[in-house]
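Engineer: My file is query_16.cif. It has mmCIF, C-alpha atoms:
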```
data_run
#
loop_
_atom_site.group_PDB
_atom_site.id
_atom_site.type_symbol
_atom_site.label_atom_id
_atom_site.label_comp_id
_atom_site.auth_asym_id
_atom_site.auth_seq_id
_atom_site.Cartn_x
_atom_site.Cartn_y
_atom_site.Cartn_z
ATOM 1 C CA MET A 168 4.040 22.849 12.161
ATOM 2 C CA LEU A 169 1.287 25.402 12.696
ATOM 3 C CA ASP A 170 1.824 28.765 11.043
ATOM 4 C CA ARG A 171 2.164 31.953 13.076
ATOM 5 C CA SER A 172 -1.410 33.227 12.703
ATOM 6 C CA THR A 173 -2.872 29.863 13.741
ATOM 7 C CA VAL A 174 -0.682 29.662 16.847
ATOM 8 C CA ILE A 175 -1.476 33.271 17.801
ATOM 9 C CA GLY A 176 -5.183 32.646 17.239
ATOM 10 C CA PHE A 177 -5.243 29.560 19.457
ATOM 11 C CA ILE A 178 -3.229 31.257 22.199
ATOM 12 C CA LEU A 179 -5.335 34.416 22.105
ATOM 13 C CA GLY A 180 -8.640 32.549 22.057
ATOM 14 C CA PHE A 181 -7.843 30.251 24.972
ATOM 15 C CA ALA A 182 -6.140 33.072 26.879
ATOM 16 C CA LEU A 183 -9.316 35.151 26.700
ATOM 17 C CA ILE A 184 -11.472 32.251 27.888
ATOM 18 C CA ILE A 185 -9.099 31.270 30.708
ATOM 19 C CA GLY A 186 -8.576 34.906 31.630
ATOM 20 C CA ALA A 187 -12.321 35.471 31.934
ATOM 21 C CA ILE A 188 -12.555 32.432 34.221
ATOM 22 C CA VAL A 189 -9.646 33.192 36.555
ATOM 23 C CA THR A 190 -10.679 36.813 37.023
ATOM 24 C CA GLN A 191 -14.048 35.670 38.347
ATOM 25 C CA GLY A 192 -13.309 32.346 40.022
ATOM 26 C CA ASN A 193 -11.263 29.159 40.264
ATOM 27 C CA LEU A 194 -10.078 27.528 37.026
ATOM 28 C CA LEU A 195 -10.220 24.045 38.578
ATOM 29 C CA VAL A 196 -13.981 24.370 38.916
ATOM 30 C CA PHE A 197 -14.175 24.151 35.139
ATOM 31 C CA ALA A 198 -12.225 20.875 34.971
ATOM 32 C CA SER A 199 -14.405 17.800 34.520
ATOM 33 C CA PHE A 200 -13.098 14.484 33.225
ATOM 34 C CA SER A 201 -16.657 13.204 32.688
ATOM 35 C CA SER A 202 -17.502 16.181 30.488
ATOM 36 C CA ILE A 203 -14.334 15.813 28.424
ATOM 37 C CA LEU A 204 -15.013 12.089 28.027
ATOM 38 C CA ILE A 205 -18.532 12.684 26.758
ATOM 39 C CA VAL A 206 -17.631 15.429 24.298
ATOM 40 C CA VAL A 207 -14.257 14.260 22.958
ATOM 41 C CA GLY A 208 -15.189 10.580 23.021
ATOM 42 C CA GLY A 209 -18.505 11.317 21.372
ATOM 43 C CA ILE A 210 -16.929 13.389 18.597
ATOM 44 C CA ILE A 211 -14.370 10.667 17.860
ATOM 45 C CA ALA A 212 -16.970 7.887 17.923
ATOM 46 C CA ALA A 213 -19.441 9.718 15.667
ATOM 47 C CA THR A 214 -16.689 10.677 13.223
ATOM 48 C CA MET A 215 -15.482 7.083 13.001
ATOM 49 C CA ILE A 216 -19.039 5.975 12.255
ATOM 50 C CA ASN A 217 -19.443 8.607 9.548
ATOM 51 C CA TYR A 218 -16.019 8.242 7.900
ATOM 52 C CA SER A 219 -13.409 5.560 7.442
ATOM 53 C CA PHE A 220 -10.343 5.488 9.652
ATOM 54 C CA ASP A 221 -8.185 6.324 6.625
ATOM 55 C CA ASN A 222 -10.290 9.429 5.913
ATOM 56 C CA ILE A 223 -9.792 10.651 9.474
ATOM 57 C CA LYS A 224 -6.067 9.916 9.478
ATOM 58 C CA ASP A 225 -5.598 11.549 6.066
ATOM 59 C CA SER A 226 -7.486 14.647 7.238
ATOM 60 C CA PHE A 227 -4.977 15.431 9.953
ATOM 61 C CA SER A 228 -2.072 14.442 7.704
ATOM 62 C CA THR A 229 -3.382 16.895 5.119
ATOM 63 C CA ILE A 230 -3.580 19.652 7.715
ATOM 64 C CA ALA A 231 0.001 18.966 8.776
ATOM 65 C CA SER A 232 1.236 18.950 5.172
ATOM 66 C CA LEU A 233 -0.496 22.238 4.334
ATOM 67 C CA MET A 234 0.553 24.220 7.397
ATOM 68 C CA SER A 235 3.844 25.203 5.730
ATOM 69 C CA VAL A 236 2.127 26.433 2.558
ATOM 70 C CA LYS A 237 1.473 29.958 3.848
ATOM 71 C CA SER A 238 5.200 30.695 4.096
ATOM 72 C CA ILE A 239 5.905 29.743 0.466
ATOM 73 C CA ASP A 240 6.971 32.602 -1.820
ATOM 74 C CA LEU A 241 5.919 31.949 -5.402
ATOM 75 C CA ARG A 242 8.539 34.380 -6.684
ATOM 76 C CA THR A 243 11.286 32.129 -5.324
ATOM 77 C CA ASP A 244 9.622 29.217 -7.117
ATOM 78 C CA MET A 245 9.652 31.261 -10.305
ATOM 79 C CA GLU A 246 13.362 31.983 -9.961
ATOM 80 C CA VAL A 247 14.065 28.256 -9.589
ATOM 81 C CA MET A 248 11.868 27.352 -12.556
ATOM 82 C CA SER A 249 13.399 30.099 -14.715
ATOM 83 C CA MET A 250 16.888 28.852 -13.890
ATOM 84 C CA PHE A 251 15.849 25.311 -14.815
ATOM 85 C CA ALA A 252 14.313 26.541 -18.071
ATOM 86 C CA ARG A 253 17.511 28.344 -19.064
ATOM 87 C CA ARG A 254 19.597 25.250 -18.316
ATOM 88 C CA VAL A 255 17.247 23.061 -20.354
ATOM 89 C CA ARG A 256 17.383 25.477 -23.325
ATOM 90 C CA VAL A 257 21.169 25.074 -23.406
ATOM 91 C CA ASP A 258 21.728 21.431 -22.417
ATOM 92 C CA GLY A 259 18.365 19.660 -22.813
ATOM 93 C CA LEU A 260 15.953 18.114 -20.291
ATOM 94 C CA LEU A 261 18.395 15.483 -19.083
ATOM 95 C CA VAL A 262 20.459 18.214 -17.408
ATOM 96 C CA LEU A 263 17.788 18.311 -14.669
ATOM 97 C CA ASP A 264 18.082 14.635 -13.806
ATOM 98 C CA GLU A 265 20.460 15.238 -10.912
ATOM 99 C CA ASP A 266 18.753 18.441 -9.697
ATOM 100 C CA ILE A 267 15.271 16.940 -9.403
ATOM 101 C CA ARG A 268 16.085 14.821 -6.369
ATOM 102 C CA HIS A 269 16.864 17.979 -4.375
ATOM 103 C CA LEU A 270 13.402 19.489 -4.912
ATOM 104 C CA ARG A 271 11.237 19.543 -1.778
ATOM 105 C CA ASP A 272 7.864 19.977 -3.454
ATOM 106 C CA GLU A 273 6.631 16.526 -4.465
ATOM 107 C CA TYR A 274 4.335 17.785 -7.216
ATOM 108 C CA LEU A 275 7.132 19.700 -8.954
ATOM 109 C CA LYS A 276 9.575 16.882 -8.350
ATOM 110 C CA ASN A 277 7.289 14.246 -9.886
ATOM 111 C CA GLY A 278 6.307 16.472 -12.798
ATOM 112 C CA LEU A 279 9.852 17.290 -13.812
ATOM 113 C CA GLN A 280 10.898 13.655 -13.388
ATOM 114 C CA LEU A 281 8.166 12.586 -15.803
ATOM 115 C CA ALA A 282 9.360 15.260 -18.240
ATOM 116 C CA VAL A 283 12.957 14.051 -17.984
ATOM 117 C CA ASP A 284 11.757 10.456 -18.458
ATOM 118 C CA GLY A 285 10.387 11.449 -21.845
ATOM 119 C CA PHE A 286 6.610 11.626 -21.333
ATOM 120 C CA LYS A 287 4.790 13.320 -24.188
ATOM 121 C CA ARG A 288 3.229 16.702 -23.520
ATOM 122 C CA GLU A 289 -0.368 15.417 -23.700
ATOM 123 C CA SER A 290 0.275 12.564 -21.274
ATOM 124 C CA LEU A 291 2.266 14.782 -18.936
ATOM 125 C CA GLU A 292 -0.447 17.451 -18.868
ATOM 126 C CA SER A 293 -3.094 14.813 -18.136
ATOM 127 C CA ILE A 294 -1.068 13.383 -15.236
ATOM 128 C CA LEU A 295 -0.370 16.822 -13.773
ATOM 129 C CA ASN A 296 -4.055 17.774 -13.966
ATOM 130 C CA ASP A 297 -5.109 14.482 -12.394
ATOM 131 C CA GLU A 298 -2.706 15.038 -9.491
ATOM 132 C CA ILE A 299 -4.234 18.445 -8.825
ATOM 133 C CA LYS A 300 -7.771 17.041 -8.949
ATOM 134 C CA SER A 301 -6.771 14.199 -6.627
ATOM 135 C CA ARG A 302 -5.342 16.700 -4.160
ATOM 136 C CA GLU A 303 -8.519 18.760 -4.321
ATOM 137 C CA ARG A 304 -10.652 15.677 -3.577
ATOM 138 C CA GLN A 305 -8.401 14.745 -0.664
ATOM 139 C CA VAL A 306 -8.666 18.224 0.823
ATOM 140 C CA ASP A 307 -12.449 18.331 0.289
ATOM 141 C CA ILE A 308 -12.832 15.106 2.275
ATOM 142 C CA SER A 309 -10.579 16.459 5.013
ATOM 143 C CA ILE A 310 -12.642 19.653 5.246
ATOM 144 C CA GLN A 311 -15.838 17.599 5.453
ATOM 145 C CA VAL A 312 -14.357 15.506 8.274
ATOM 146 C CA LEU A 313 -13.391 18.568 10.297
ATOM 147 C CA ASN A 314 -16.713 20.312 9.665
ATOM 148 C CA SER A 315 -18.559 17.171 10.756
ATOM 149 C CA MET A 316 -16.482 16.974 13.933
ATOM 150 C CA ALA A 317 -17.234 20.651 14.591
ATOM 151 C CA ALA A 318 -20.944 19.949 14.200
ATOM 152 C CA TYR A 319 -20.835 16.973 16.583
ATOM 153 C CA GLY A 320 -19.237 19.005 19.404
ATOM 154 C CA PRO A 321 -22.294 21.056 20.476
ATOM 155 C CA ALA A 322 -24.517 18.000 19.955
ATOM 156 C CA PHE A 323 -22.524 15.904 22.417
ATOM 157 C CA GLY A 324 -22.385 18.920 24.686
ATOM 158 C CA MET A 325 -26.172 18.814 24.809
ATOM 159 C CA ILE A 326 -26.114 15.052 25.370
ATOM 160 C CA GLY A 327 -23.833 15.643 28.335
ATOM 161 C CA THR A 328 -26.170 18.335 29.592
ATOM 162 C CA VAL A 329 -29.119 15.940 29.473
ATOM 163 C CA ILE A 330 -27.076 13.248 31.268
ATOM 164 C CA GLY A 331 -26.056 15.757 33.927
ATOM 165 C CA MET A 332 -29.623 16.950 34.409
ATOM 166 C CA VAL A 333 -30.918 13.398 34.774
ATOM 167 C CA LEU A 334 -28.220 12.614 37.357
ATOM 168 C CA MET A 335 -29.050 15.796 39.193
ATOM 169 C CA LEU A 336 -32.791 15.125 39.272
ATOM 170 C CA GLN A 337 -32.312 11.549 40.436
ATOM 171 C CA ASN A 338 -30.366 12.755 43.456
ATOM 172 C CA ILE A 339 -32.109 16.050 44.052
ATOM 173 C CA SER A 340 -32.235 15.385 47.787
ATOM 174 C CA ASP A 341 -28.424 14.922 47.980
ATOM 175 C CA PRO A 342 -26.643 18.308 47.730
ATOM 176 C CA GLU A 343 -23.261 16.752 46.782
ATOM 177 C CA SER A 344 -24.719 14.670 43.949
ATOM 178 C CA LEU A 345 -26.723 17.681 42.850
ATOM 179 C CA GLY A 346 -23.551 19.726 42.370
ATOM 180 C CA ALA A 347 -21.783 16.960 40.465
ATOM 181 C CA GLY A 348 -24.688 16.464 38.083
ATOM 182 C CA LEU A 349 -25.045 20.202 37.501
ATOM 183 C CA SER A 350 -21.301 20.452 36.780
ATOM 184 C CA VAL A 351 -21.487 17.758 34.104
ATOM 185 C CA ALA A 352 -24.620 19.363 32.668
ATOM 186 C CA LEU A 353 -23.056 22.778 32.182
ATOM 187 C CA LEU A 354 -19.433 21.906 31.420
ATOM 188 C CA THR A 355 -20.188 19.480 28.591
ATOM 189 C CA THR A 356 -22.013 22.272 26.761
ATOM 190 C CA LEU A 357 -19.044 24.568 27.367
ATOM 191 C CA TYR A 358 -16.515 21.984 26.182
ATOM 192 C CA GLY A 359 -18.529 21.066 23.119
ATOM 193 C CA THR A 360 -18.903 24.701 22.088
ATOM 194 C CA VAL A 361 -15.251 25.593 22.688
ATOM 195 C CA ILE A 362 -13.856 22.537 20.880
ATOM 196 C CA SER A 363 -16.118 23.114 17.888
ATOM 197 C CA ASN A 364 -15.735 26.873 17.586
ATOM 198 C CA MET A 365 -12.175 27.328 18.796
ATOM 199 C CA ILE A 366 -10.456 24.277 17.296
ATOM 200 C CA LEU A 367 -12.304 22.154 14.744
ATOM 201 C CA GLY A 368 -14.294 24.816 12.877
ATOM 202 C CA PRO A 369 -11.345 27.205 12.488
ATOM 203 C CA LEU A 370 -9.076 24.325 11.406
ATOM 204 C CA ALA A 371 -11.546 23.414 8.665
ATOM 205 C CA GLY A 372 -11.548 27.025 7.465
ATOM 206 C CA LYS A 373 -7.752 27.180 7.667
ATOM 207 C CA LEU A 374 -7.457 23.980 5.660
ATOM 208 C CA GLU A 375 -9.674 25.394 2.929
ATOM 209 C CA PHE A 376 -7.643 28.625 2.823
ATOM 210 C CA LEU A 377 -4.286 26.829 2.694
ATOM 211 C CA SER A 378 -5.615 24.426 0.078
ATOM 212 C CA GLU A 379 -6.370 27.317 -2.269
ATOM 213 C CA ILE A 380 -2.792 28.548 -1.895
ATOM 214 C CA ASP A 381 -1.413 25.036 -2.443
ATOM 215 C CA ILE A 382 -3.527 24.373 -5.541
ATOM 216 C CA ASN A 383 -2.609 27.773 -6.981
ATOM 217 C CA ARG A 384 1.073 26.895 -6.547
ATOM 218 C CA LYS A 385 0.599 23.523 -8.231
ATOM 219 C CA GLU A 386 -1.191 25.194 -11.142
ATOM 220 C CA MET A 387 1.765 27.524 -11.516
ATOM 221 C CA PHE A 388 4.180 24.587 -11.473
ATOM 222 C CA ARG A 389 2.070 22.797 -14.093
ATOM 223 C CA VAL A 390 2.355 25.785 -16.437
ATOM 224 C CA GLY A 391 6.105 25.980 -15.858
ATOM 225 C CA ILE A 392 6.724 22.268 -16.391
ATOM 226 C CA LEU A 393 4.769 22.188 -19.642
ATOM 227 C CA SER A 394 6.542 25.326 -20.831
ATOM 228 C CA ILE A 395 9.950 23.723 -20.167
ATOM 229 C CA VAL A 396 8.900 20.571 -22.029
ATOM 230 C CA GLU A 397 7.796 22.639 -25.023
ATOM 231 C CA GLY A 398 11.110 24.475 -25.020
ATOM 232 C CA GLU A 399 9.550 27.921 -24.660
ATOM 233 C CA ASN A 400 11.636 30.984 -23.951
ATOM 234 C CA PRO A 401 12.062 31.345 -20.142
ATOM 235 C CA ARG A 402 10.695 34.888 -20.343
ATOM 236 C CA ILE A 403 7.480 33.590 -21.893
ATOM 237 C CA MET A 404 7.269 30.926 -19.196
ATOM 238 C CA SER A 405 7.713 33.573 -16.478
ATOM 239 C CA LYS A 406 4.899 35.691 -17.926
ATOM 240 C CA LYS A 407 2.582 32.667 -17.871
ATOM 241 C CA MET A 408 3.528 31.797 -14.287
ATOM 242 C CA LEU A 409 3.134 35.390 -13.055
ATOM 243 C CA ILE A 410 -0.630 35.042 -13.461
ATOM 244 C CA TYR A 411 -0.649 32.940 -10.289
ATOM 245 C CA VAL A 412 1.272 35.512 -8.209
ATOM 246 C CA ASP A 413 -0.655 38.145 -6.243
ATOM 247 C CA PRO A 414 -0.646 41.634 -7.883
ATOM 248 C CA HIS A 415 1.676 43.337 -5.368
ATOM 249 C CA SER A 416 4.303 40.577 -5.466
ATOM 250 C CA ARG A 417 3.936 40.388 -9.236
ATOM 251 C CA SER A 418 4.667 44.082 -9.718
ATOM 252 C CA GLU A 419 7.758 43.862 -7.477
ATOM 253 C CA TYR A 420 9.033 40.847 -9.406
ATOM 254 C CA ILE A 421 8.477 42.497 -12.792
ATOM 255 C CA LYS A 422 10.113 45.748 -11.698
ATOM 256 C CA HIS A 423 13.149 43.898 -10.321
ATOM 257 C CA HIS A 424 13.675 41.884 -13.492
ATOM 258 C CA GLU A 425 13.188 44.904 -15.738
ATOM 259 C CA GLU A 426 16.102 46.549 -13.955
ATOM 260 C CA LEU A 427 18.125 43.332 -13.836
ATOM 261 C CA SER A 428 20.378 42.102 -16.587
ATOM 262 C CA LEU A 429 20.550 38.329 -16.392
ATOM 263 C CA SER A 430 24.055 36.968 -16.598
ATOM 264 C CA LYS A 431 25.776 33.637 -16.624
ATOM 265 C CA GLU A 432 27.527 34.580 -13.372
ATOM 266 C CA ARG A 433 24.188 35.175 -11.624
ATOM 267 C CA ASP A 434 22.818 31.845 -12.817
ATOM 268 C CA GLU A 435 25.936 30.035 -11.669
ATOM 269 C CA LYS A 436 25.747 31.692 -8.260
ATOM 270 C CA PHE A 437 22.064 30.847 -7.947
ATOM 271 C CA TYR A 438 22.709 27.269 -9.016
ATOM 272 C CA GLN A 439 25.134 26.869 -6.126
ATOM 273 C CA LEU A 440 22.527 28.178 -3.648
ATOM 274 C CA TRP A 441 19.110 27.117 -4.922
ATOM 275 C CA ILE A 442 18.806 23.894 -2.908
ATOM 276 C CA GLU A 443 19.009 25.790 0.394
ATOM 277 C CA GLN A 444 17.105 28.827 -0.889
ATOM 278 C CA GLN A 445 14.160 27.088 -2.582
ATOM 279 C CA ASP A 446 11.878 27.514 0.470
ATOM 280 C CA LYS A 447 13.072 30.994 1.438
ATOM 281 C CA GLU A 448 11.463 34.361 0.813
ATOM 282 C CA TRP A 449 12.206 36.009 -2.495
ATOM 283 C CA GLU A 450 13.404 39.229 -0.849
ATOM 284 C CA ASN A 451 16.106 37.247 0.913
ATOM 285 C CA LEU A 452 17.097 35.536 -2.336
ATOM 286 C CA LYS A 453 17.192 38.862 -4.156
ATOM 287 C CA GLU A 454 19.678 40.258 -1.658
ATOM 288 C CA ILE A 455 21.908 37.176 -1.898
ATOM 289 C CA LEU A 456 22.000 37.371 -5.706
ATOM 290 C CA LYS A 457 22.585 41.120 -5.794
ATOM 291 C CA PRO A 458 25.589 41.918 -8.030
ATOM 292 C CA GLY A 459 28.813 42.912 -6.329
#
```
Output the file's structure as structure tokens, nothing else.

Structural biologist:
Amino acid sequence: MLDRSTVIGFILGFALIIGAIVTQGNLLVFASFSSILIVVGGIIAATMINYSFDNIKDSFSTIASLMSVKSIDLRTDMEVMSMFARRVRVDGLLVLDEDIRHLRDEYLKNGLQLAVDGFKRESLESILNDEIKSRERQVDISIQVLNSMAAYGPAFGMIGTVIGMVLMLQNISDPESLGAGLSVALLTTLYGTVISNMILGPLAGKLEFLSEIDINRKEMFRVGILSIVEGENPRIMSKKMLIYVDPHSRSEYIKHHEELSLSKERDEKFYQLWIEQQDKEWENLKEILKPG
């Protein structure tokens, strides 16, 4: 699902273009199946020549998987990890065996499962790092695919323009054919430019932005998982993980926990709620866990 800013951006961009058209003329004049066929078909064909079908499919799957990243609150993740760390300090790693299957983040889920299965720290760290690098390579390919598609749009727009001009010149004595050729000539350039600069280019930029957030979260999880495996104090683990939280959110989290006295009752309450709350904002979680 697209995040709010992406949806607003698409709606605003197309609303401005359509609004400019309807205030000056008829929107149907700008509809041309031939132009759409040339531009969209050309982009798809050129992309399939340049990349494998799996690369193209994975690109859009990656976009879909990253669109929920922006709404993730790392402070909620830290609360979950801290709770896990405290449970492990008391009862050992095997206490997480049942909880792991309820985790929604696959990276964290796989990492903790490997820890519970008894992987040594060195092997576990290597696997976690390799997963992050693999994700980065996957996203890089996806960004390249989208950027290539964005570059092909104006090119096929120009191809359509040339086709339209040739058709127009061949039938220059026929006014009806002249109008049809001119329509294809101009609209393909418009379609190619709009598709590239309103859809594909921005999606490539959005993917890169969301990827940075996703990788940062995985790095934070990696630090937390390794800290749990080493049996470090949960407070030490939290300080290590806070590096990956933005400064404003970090200061709020630190201030809250300085004023908070952790209790067994709070942990038990959180343990009953964490499955539903793991994707929610930290402010909401803080209110739910407030004493009293």

Engineer: Nearest to Ser219 of chain A: which of A:Ile362, A:Ile308, A:Ala352, A:Met332 is it, counting all atoms listed in the file?

Structural biologist: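 Ranking A:Ile362, A:Ile308, A:Ala352, A:Met332 by distance to Ser219 of chain A, first place goes to A:Ile308.
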
Engineer: For this structure, which residues satisfy the selection - the PyMOL selection byres ((chain A and resi 281-286) around 9) - when it is evaluated on the file as given? I want them as a PyMOL selection string.

Structural biologist: chain A and resi 260-264+276-280+287-291+392-393+395-396

Engineer: Could you tell me, as a ChimeraX atom specification, exactly which residues end up selected when the PyMOL selection byres ((chain A and resi 353) around 10) is applied to this structure?

Structural biologist: /A:197,202,324-325,327-329,331-332,348-352,354-358

Engineer: I need the output of the PyMOL selection byres ((chain A and resi 253-257) around 12) for this file as a PyMOL selection string; which residues are they?

Structural biologist: chain A and resi 246-252+258-264+266+279+282-283+392+394-405+429-431+434-435+438

Engineer: Could you tell me how far atom CA of Asp272 of chain A lies from atom CA of Ser418 of chain A, in Å and to one decimal?

Structural biologist: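 Going from atom CA of Asp272 of chain A over to atom CA of Ser418 of chain A, I get 25.1 Å.
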
Engineer: Given all atoms listed in the file as the basis, pick out the residue of A:Val174, A:Ile310, A:Thr243, A:Met365 nearest to Leu456 of chain A.

Structural biologist: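 Checking each of A:Val174, A:Ile310, A:Thr243, A:Met365 against Leu456 of chain A, counting all atoms listed in the file, the winner is A:Thr243.
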
Engineer: Atom CA of Glu454 of chain A and atom CA of Phe437 of chain A, how far apart in Å?

Structural biologist: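 Answer for the atom CA of Phe437 of chain A to atom CA of Glu454 of chain A separation: 11.6 Å.
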
Engineer: Let me make sure I understand: among A:Ile299, A:Ile210, A:Leu377, A:Pro369, which one has the smallest atom-to-atom distance to Phe177 of chain A if we use all atoms listed in the file?

Structural biologist: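 Looking at the shortest contact to Phe177 of chain A, the residue is A:Pro369.
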
Engineer: Using Å and a single decimal, report how far atom CA of Asp244 of chain A sits from atom CA of Met387 of chain A.

Structural biologist: 9.2 Å

Engineer: My list of candidates is A:Met245, A:Ile366, A:Leu374, A:Ile442. Which is closest to Lys407 of chain A when distances are computed with all atoms listed in the file?

Structural biologist: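 Of the candidates, the smallest distance to Lys407 of chain A is held by A:Met245.
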